[in-house]
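Reviewing the structure listed below.
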Amino acid sequence: MSAEKTAAEIVQAYDGRPIRVMEVCGTHTHAIFEHGIRNMLPDNIQLISGPGCPVCVTETGFIDEAVWLALEKNVTITTFGDLVRIPGTEMSLAGARAKGAKIRIVYSPLDAVNYASDHPETNVVFLSVGFETTVPAACLAVKRAMELGIRNFSLLTANKTMDRAYRVLKGSADAFLYPGHVSAVTGMKIYEELKNEGISGVVCGFTAGEILTALAMIVKKIGSGEPFAENAYTRVVTEEGMPIGRKLIEEIMEPCEAAWRGIGVIEGSGLKLREKYAACDARLVYDMPEIQGRPNPACRCGDVLMGRIKPYECPLFGKVCTTEHPVGACMVSSEGTCSAYYKYNI
Ligand code: SF4
């Protein structure tokens, strides 16, 4: 019989100092609940959820901008489903739809381009949120619209990159579970750079085995006291990542400052269209004024996203705020931490 321990056994046998591991990705948060992984952990390993759900970190002002475009400029908003129910300052996009706004759910940015091509009589804006995983598809849509001469398509961007967020989150956790899908694009280089700055983590897949393997790697490494950057998702994530995707992003977009719900503004952590593609930038096309959102002051999404509180410590959780009647983005999003705690009855 093999004397090799399984990943679960390694994690459960951990008897070192208490450690906090932050799963920054909402897909990880939900997978961890689904597989009952929290219940398997010893008391000295604490999992905390971080700001890796793109919908959750999108500021209220972005929803207000989309509502403004829909109601004031009569554009057709195309978007993924989760964004429709996120509360804005005055209303969500669902609320705007009740007032006559044209809101259309699409499954990719290219769907939005095709819709614009098929409906030249309407102006179409795609709400582009998300990290490195989804940005290449948005860039491809812009490129295609420009190549085909489609003039009634533009993007409202709130795209972000994760590397600067890790630096801001330094100290919030002893190690990160890095998101596998983002890492498939970035490759391992950014994590080596983070390691050199004293930030540790392991790239992690989404099955129970992959999550436990990543936790076992953390447990094995943490005792040395040295920062580390490991890959527990080698079937998908390579050292070089996806250079074609990064090249596409680099060609179409450039870094800008970005406001993260709960974190604030992080210089260089956002992506906006380069000047060459200004004809597809909805803020410029529609001469959008500065729009400042005001989130519901009772919602503690920001504290949840920073791992400062658990969702059930928010006084609204499960009472006023449920998945049926969400008050904040973290309860709306299918990747949100509050929705995970609510769904799994924590
Ligand atoms: S439970 Fe609702 S109100 Fe409370 S932090 Fe989560 S989303 Fe916001």
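Every chain in the structure tokens has a letter given in the order shown (A, B, ...), and although residue numbers restart at 1 in each chain, ligands are simply numbered from 1 in the order shown.
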
Can you work out which residues are within 12 Å of ligand 1, considering only C-alpha atoms and all ligand atoms, and then hand them over as an mmCIF file with C-alpha atoms, in the first residue's frame?
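Saved file pocket.cif follows:
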```
data_model
loop_
_atom_site.group_PDB
_atom_site.id
_atom_site.type_symbol
_atom_site.label_atom_id
_atom_site.label_comp_id
_atom_site.auth_asym_id
_atom_site.auth_seq_id
_atom_site.Cartn_x
_atom_site.Cartn_y
_atom_site.Cartn_z
ATOM 1 C CA VAL A 55 -19.594 41.907 -11.172
ATOM 2 C CA CYS A 56 -19.122 42.376 -7.401
ATOM 3 C CA VAL A 57 -16.180 44.757 -7.708
ATOM 4 C CA ARG A 85 -30.053 43.079 -11.334
ATOM 5 C CA ILE A 86 -27.145 44.977 -9.730
ATOM 6 C CA PRO A 87 -28.583 47.993 -7.915
ATOM 7 C CA ARG A 261 -15.958 48.308 -4.812
ATOM 8 C CA GLY A 262 -14.622 47.913 -1.297
ATOM 9 C CA PRO A 295 -24.053 52.637 -3.131
ATOM 10 C CA ASN A 296 -26.604 51.712 -0.488
ATOM 11 C CA PRO A 297 -24.815 52.714 2.770
ATOM 12 C CA ALA A 298 -26.276 49.715 4.611
ATOM 13 C CA CYS A 299 -24.661 47.225 2.210
ATOM 14 C CA ARG A 300 -21.339 45.843 3.501
ATOM 15 C CA CYS A 301 -20.198 44.424 0.129
ATOM 16 C CA GLY A 302 -16.916 46.293 0.386
ATOM 17 C CA ASP A 303 -16.053 44.695 3.727
ATOM 18 C CA VAL A 304 -17.098 41.281 2.428
ATOM 19 C CA LEU A 305 -14.920 41.680 -0.667
ATOM 20 C CA MET A 306 -11.915 42.606 1.445
ATOM 21 C CA GLY A 307 -12.442 39.602 3.716
ATOM 22 C CA ARG A 308 -13.052 41.915 6.703
ATOM 23 C CA ILE A 309 -16.442 40.416 7.529
ATOM 24 C CA LYS A 310 -18.344 37.268 6.621
ATOM 25 C CA PRO A 311 -21.602 37.887 4.730
ATOM 26 C CA TYR A 312 -23.706 36.759 7.722
ATOM 27 C CA GLU A 313 -22.150 39.588 9.744
ATOM 28 C CA CYS A 314 -23.934 42.079 7.477
ATOM 29 C CA PRO A 315 -27.169 42.999 9.300
ATOM 30 C CA LEU A 316 -29.142 42.745 6.034
ATOM 31 C CA PHE A 317 -27.954 39.242 5.125
ATOM 32 C CA GLY A 318 -30.833 36.787 4.699
ATOM 33 C CA LYS A 319 -33.340 39.286 6.069
ATOM 34 C CA VAL A 320 -33.622 42.300 3.798
ATOM 35 C CA CYS A 321 -31.011 40.997 1.358
ATOM 36 C CA THR A 322 -31.593 37.636 -0.338
ATOM 37 C CA THR A 323 -30.891 36.234 -3.784
ATOM 38 C CA GLU A 324 -34.535 36.931 -4.676
ATOM 39 C CA HIS A 325 -34.309 40.547 -3.431
ATOM 40 C CA PRO A 326 -30.608 41.490 -3.457
ATOM 41 C CA VAL A 327 -29.454 44.767 -1.936
ATOM 42 C CA GLY A 328 -25.839 44.545 -3.096
ATOM 43 C CA ALA A 329 -23.807 43.137 -5.968
ATOM 44 C CA CYS A 330 -22.316 40.342 -3.833
ATOM 45 C CA MET A 331 -25.798 38.852 -3.442
ATOM 46 C CA VAL A 332 -26.810 39.284 -7.095
ATOM 47 C CA SER A 333 -23.836 37.765 -8.813
ATOM 48 C CA SER A 334 -23.738 34.026 -9.407
ATOM 49 C CA GLU A 335 -20.090 34.279 -8.288
ATOM 50 C CA GLY A 336 -20.760 36.573 -5.334
ATOM 51 C CA THR A 337 -19.671 35.686 -1.825
ATOM 52 C CA CYS A 338 -22.976 36.665 -0.207
ATOM 53 C CA SER A 339 -24.921 34.594 -2.725
ATOM 54 C CA ALA A 340 -22.662 31.599 -1.970
ATOM 55 C CA TYR A 341 -23.242 31.911 1.781
ATOM 56 C CA TYR A 342 -26.972 32.342 1.207
ATOM 57 C CA LYS A 343 -27.261 29.481 -1.286
ATOM 58 C CA ILE A 346 -24.091 29.287 6.029
#
```

Just the helix (DSSP H, G or I) stuff from range 34-277 of chain A, please, per backbone DSSP, written as a PyMOL selection string. chain A and resi 34+37-40+54-57+60-72+81-85+93-98+109-118+135-148+163-169+180-186+189-196+208-222+243-252+275-277

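You can rank A:Leu127, A:Ala13, A:Val265, A:Ala175 by their closest distance to Glu226 in chain A using only C-alpha atoms, and at the top of that list sits A:Ala175.
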
Please provide the set of residues having any atom within 12 Å of range 235-237 of chain A, restricted to only C-alpha atoms, with same-chain residues fewer than 4 positions apart removed, written as a ChimeraX atom specification. /A:178-189,202-206,210,230-231,241-242

Written file, previous selection with N, CA and C atoms, as an mmCIF file, in the first residue's frame:
```cif
data_model
loop_
_atom_site.group_PDB
_atom_site.id
_atom_site.type_symbol
_atom_site.label_atom_id
_atom_site.label_comp_id
_atom_site.auth_asym_id
_atom_site.auth_seq_id
_atom_site.Cartn_x
_atom_site.Cartn_y
_atom_site.Cartn_z
ATOM 1 N N TYR A 178 -4.869 31.583 -6.379
ATOM 2 C CA TYR A 178 -4.976 32.396 -7.588
ATOM 3 C C TYR A 178 -5.973 31.756 -8.562
ATOM 4 N N PRO A 179 -6.762 32.581 -9.258
ATOM 5 C CA PRO A 179 -7.803 32.033 -10.141
ATOM 6 C C PRO A 179 -7.220 31.354 -11.378
ATOM 7 N N GLY A 180 -7.657 30.125 -11.620
ATOM 8 C CA GLY A 180 -7.117 29.345 -12.733
ATOM 9 C C GLY A 180 -7.386 29.960 -14.089
ATOM 10 N N HIS A 181 -8.623 30.491 -14.280
ATOM 11 C CA HIS A 181 -8.943 30.999 -15.628
ATOM 12 C C HIS A 181 -8.167 32.284 -15.947
ATOM 13 N N VAL A 182 -8.029 33.189 -14.980
ATOM 14 C CA VAL A 182 -7.231 34.402 -15.212
ATOM 15 C C VAL A 182 -5.777 34.001 -15.488
ATOM 16 N N SER A 183 -5.295 33.033 -14.720
ATOM 17 C CA SER A 183 -3.893 32.610 -14.856
ATOM 18 C C SER A 183 -3.623 31.957 -16.201
ATOM 19 N N ALA A 184 -4.671 31.352 -16.793
ATOM 20 C CA ALA A 184 -4.498 30.737 -18.120
ATOM 21 C C ALA A 184 -4.088 31.794 -19.143
ATOM 22 N N VAL A 185 -4.497 33.034 -18.919
ATOM 23 C CA VAL A 185 -4.123 34.128 -19.822
ATOM 24 C C VAL A 185 -2.805 34.767 -19.382
ATOM 25 N N THR A 186 -2.685 35.037 -18.076
ATOM 26 C CA THR A 186 -1.498 35.780 -17.609
ATOM 27 C C THR A 186 -0.233 34.933 -17.599
ATOM 28 N N GLY A 187 -0.382 33.590 -17.399
ATOM 29 C CA GLY A 187 0.797 32.761 -17.154
ATOM 30 C C GLY A 187 1.321 32.999 -15.743
ATOM 31 N N MET A 188 2.500 32.473 -15.449
ATOM 32 C CA MET A 188 3.028 32.476 -14.077
ATOM 33 C C MET A 188 3.900 33.683 -13.763
ATOM 34 N N LYS A 189 4.261 34.463 -14.778
ATOM 35 C CA LYS A 189 5.232 35.547 -14.548
ATOM 36 C C LYS A 189 4.746 36.532 -13.482
ATOM 37 N N VAL A 202 -0.968 30.092 -4.791
ATOM 38 C CA VAL A 202 -0.935 28.909 -5.645
ATOM 39 C C VAL A 202 -2.062 29.033 -6.672
ATOM 40 N N VAL A 203 -1.729 28.829 -7.936
ATOM 41 C CA VAL A 203 -2.752 28.828 -8.986
ATOM 42 C C VAL A 203 -3.592 27.567 -8.833
ATOM 43 N N CYS A 204 -4.897 27.755 -8.879
ATOM 44 C CA CYS A 204 -5.794 26.681 -8.454
ATOM 45 C C CYS A 204 -6.895 26.445 -9.488
ATOM 46 N N GLY A 205 -7.180 25.175 -9.758
ATOM 47 C CA GLY A 205 -8.306 24.806 -10.617
ATOM 48 C C GLY A 205 -9.601 24.785 -9.824
ATOM 49 N N PHE A 206 -10.621 24.164 -10.372
ATOM 50 C CA PHE A 206 -11.952 24.336 -9.796
ATOM 51 C C PHE A 206 -12.623 23.046 -9.328
ATOM 52 N N GLU A 210 -8.505 19.633 -7.221
ATOM 53 C CA GLU A 210 -7.567 20.727 -7.543
ATOM 54 C C GLU A 210 -7.504 21.752 -6.409
ATOM 55 N N GLU A 230 3.252 28.972 -6.811
ATOM 56 C CA GLU A 230 3.175 27.604 -7.322
ATOM 57 C C GLU A 230 1.978 27.467 -8.253
ATOM 58 N N ASN A 231 2.036 26.421 -9.053
ATOM 59 C CA ASN A 231 0.954 26.162 -10.010
ATOM 60 C C ASN A 231 0.362 24.783 -9.743
ATOM 61 N N GLY A 241 1.377 31.334 -20.263
ATOM 62 C CA GLY A 241 -0.026 31.739 -20.361
ATOM 63 C C GLY A 241 -0.499 31.790 -21.798
ATOM 64 N N MET A 242 -1.243 32.822 -22.149
ATOM 65 C CA MET A 242 -1.788 32.934 -23.501
ATOM 66 C C MET A 242 -1.284 34.232 -24.123
#
```

So that I can see what lies close to Asp64 in chain A, please list as a VMD selection string the residues with an atom at most 12 Å from it, counting only C-alpha atoms and leaving out residues fewer than 3 positions away in the same chain. chain A and resid 58 to 61 67 to 72 83 to 84 86 to 93 95 to 96 127 156 288 to 295

Go ahead and write the selection's residues with C-alpha atoms as a short mmCIF file (atom, residue, chain, number, x, y, z; two decimals), in the first residue's frame.
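result_27.cif was written with the following content:
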```
data_model
loop_
_atom_site.label_atom_id
_atom_site.label_comp_id
_atom_site.auth_asym_id
_atom_site.auth_seq_id
_atom_site.Cartn_x
_atom_site.Cartn_y
_atom_site.Cartn_z
CA THR A 58 -17.89 46.90 -10.34
CA GLU A 59 -18.82 50.23 -8.81
CA THR A 60 -22.40 51.50 -8.53
CA GLY A 61 -21.49 54.38 -10.85
CA VAL A 67 -28.83 53.34 -17.05
CA TRP A 68 -28.00 56.85 -18.34
CA LEU A 69 -27.11 55.45 -21.77
CA ALA A 70 -30.28 53.38 -21.88
CA LEU A 71 -32.70 56.08 -20.72
CA GLU A 72 -31.07 59.30 -21.88
CA LEU A 83 -25.39 42.90 -14.33
CA VAL A 84 -29.08 43.53 -14.99
CA ILE A 86 -27.14 44.98 -9.73
CA PRO A 87 -28.58 47.99 -7.92
CA GLY A 88 -27.53 51.40 -9.22
CA THR A 89 -27.92 54.60 -7.25
CA GLU A 90 -31.52 55.13 -8.40
CA MET A 91 -32.30 51.88 -10.16
CA SER A 92 -30.90 48.73 -11.68
CA LEU A 93 -30.94 47.97 -15.38
CA GLY A 95 -35.62 48.93 -13.23
CA ALA A 96 -34.62 50.90 -16.32
CA LEU A 127 -21.15 46.34 -20.90
CA LEU A 156 -18.79 50.67 -21.83
CA MET A 288 -21.06 60.97 -21.13
CA PRO A 289 -20.88 63.34 -18.14
CA GLU A 290 -19.02 62.37 -14.96
CA ILE A 291 -21.41 60.06 -13.11
CA GLN A 292 -20.69 59.29 -9.44
CA GLY A 293 -22.59 56.37 -7.99
CA ARG A 294 -23.86 56.20 -4.42
CA PRO A 295 -24.05 52.64 -3.13
#
```

Among range 35-131 of chain A, which ones does DSSP place in strand (DSSP E or B), written as a ChimeraX atom specification? /A:45-49,76-79,102-105,124-130

Which residues come within 10 Å of Met40 in chain A, counting only C-alpha atoms, excluding same-chain residues fewer than 4 positions away, as a compact mmCIF listing (two decimals) with C-alpha atoms, in the first residue's frame?
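Generated output (out_37.txt):
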```txt
# COMPACT_ATOMS: atom_id res chain seq x y z
CA ALA A 8 -6.94 16.07 1.81
CA GLU A 9 -4.85 14.18 4.38
CA VAL A 11 -4.41 19.60 4.65
CA GLN A 12 -6.25 17.91 7.52
CA HIS A 35 -17.66 20.45 -2.37
CA GLY A 36 -17.93 21.02 1.38
CA LEU A 212 -7.36 20.50 -2.08
```

Length of the CA of Ala112 in chain A to CA of Thr79 in chain A vector [Å]: 8.2 Å

Residue neighbourhood range 16-29 of chain A, 6 Å, only C-alpha atoms, exclusion window fewer than 3 positions, as number ranges by chain: A: 32, 44-53, 173-177, 179, 335-336

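One finds CA of Ala282 in chain A at 6.8 Å from CA of Val125 in chain A.
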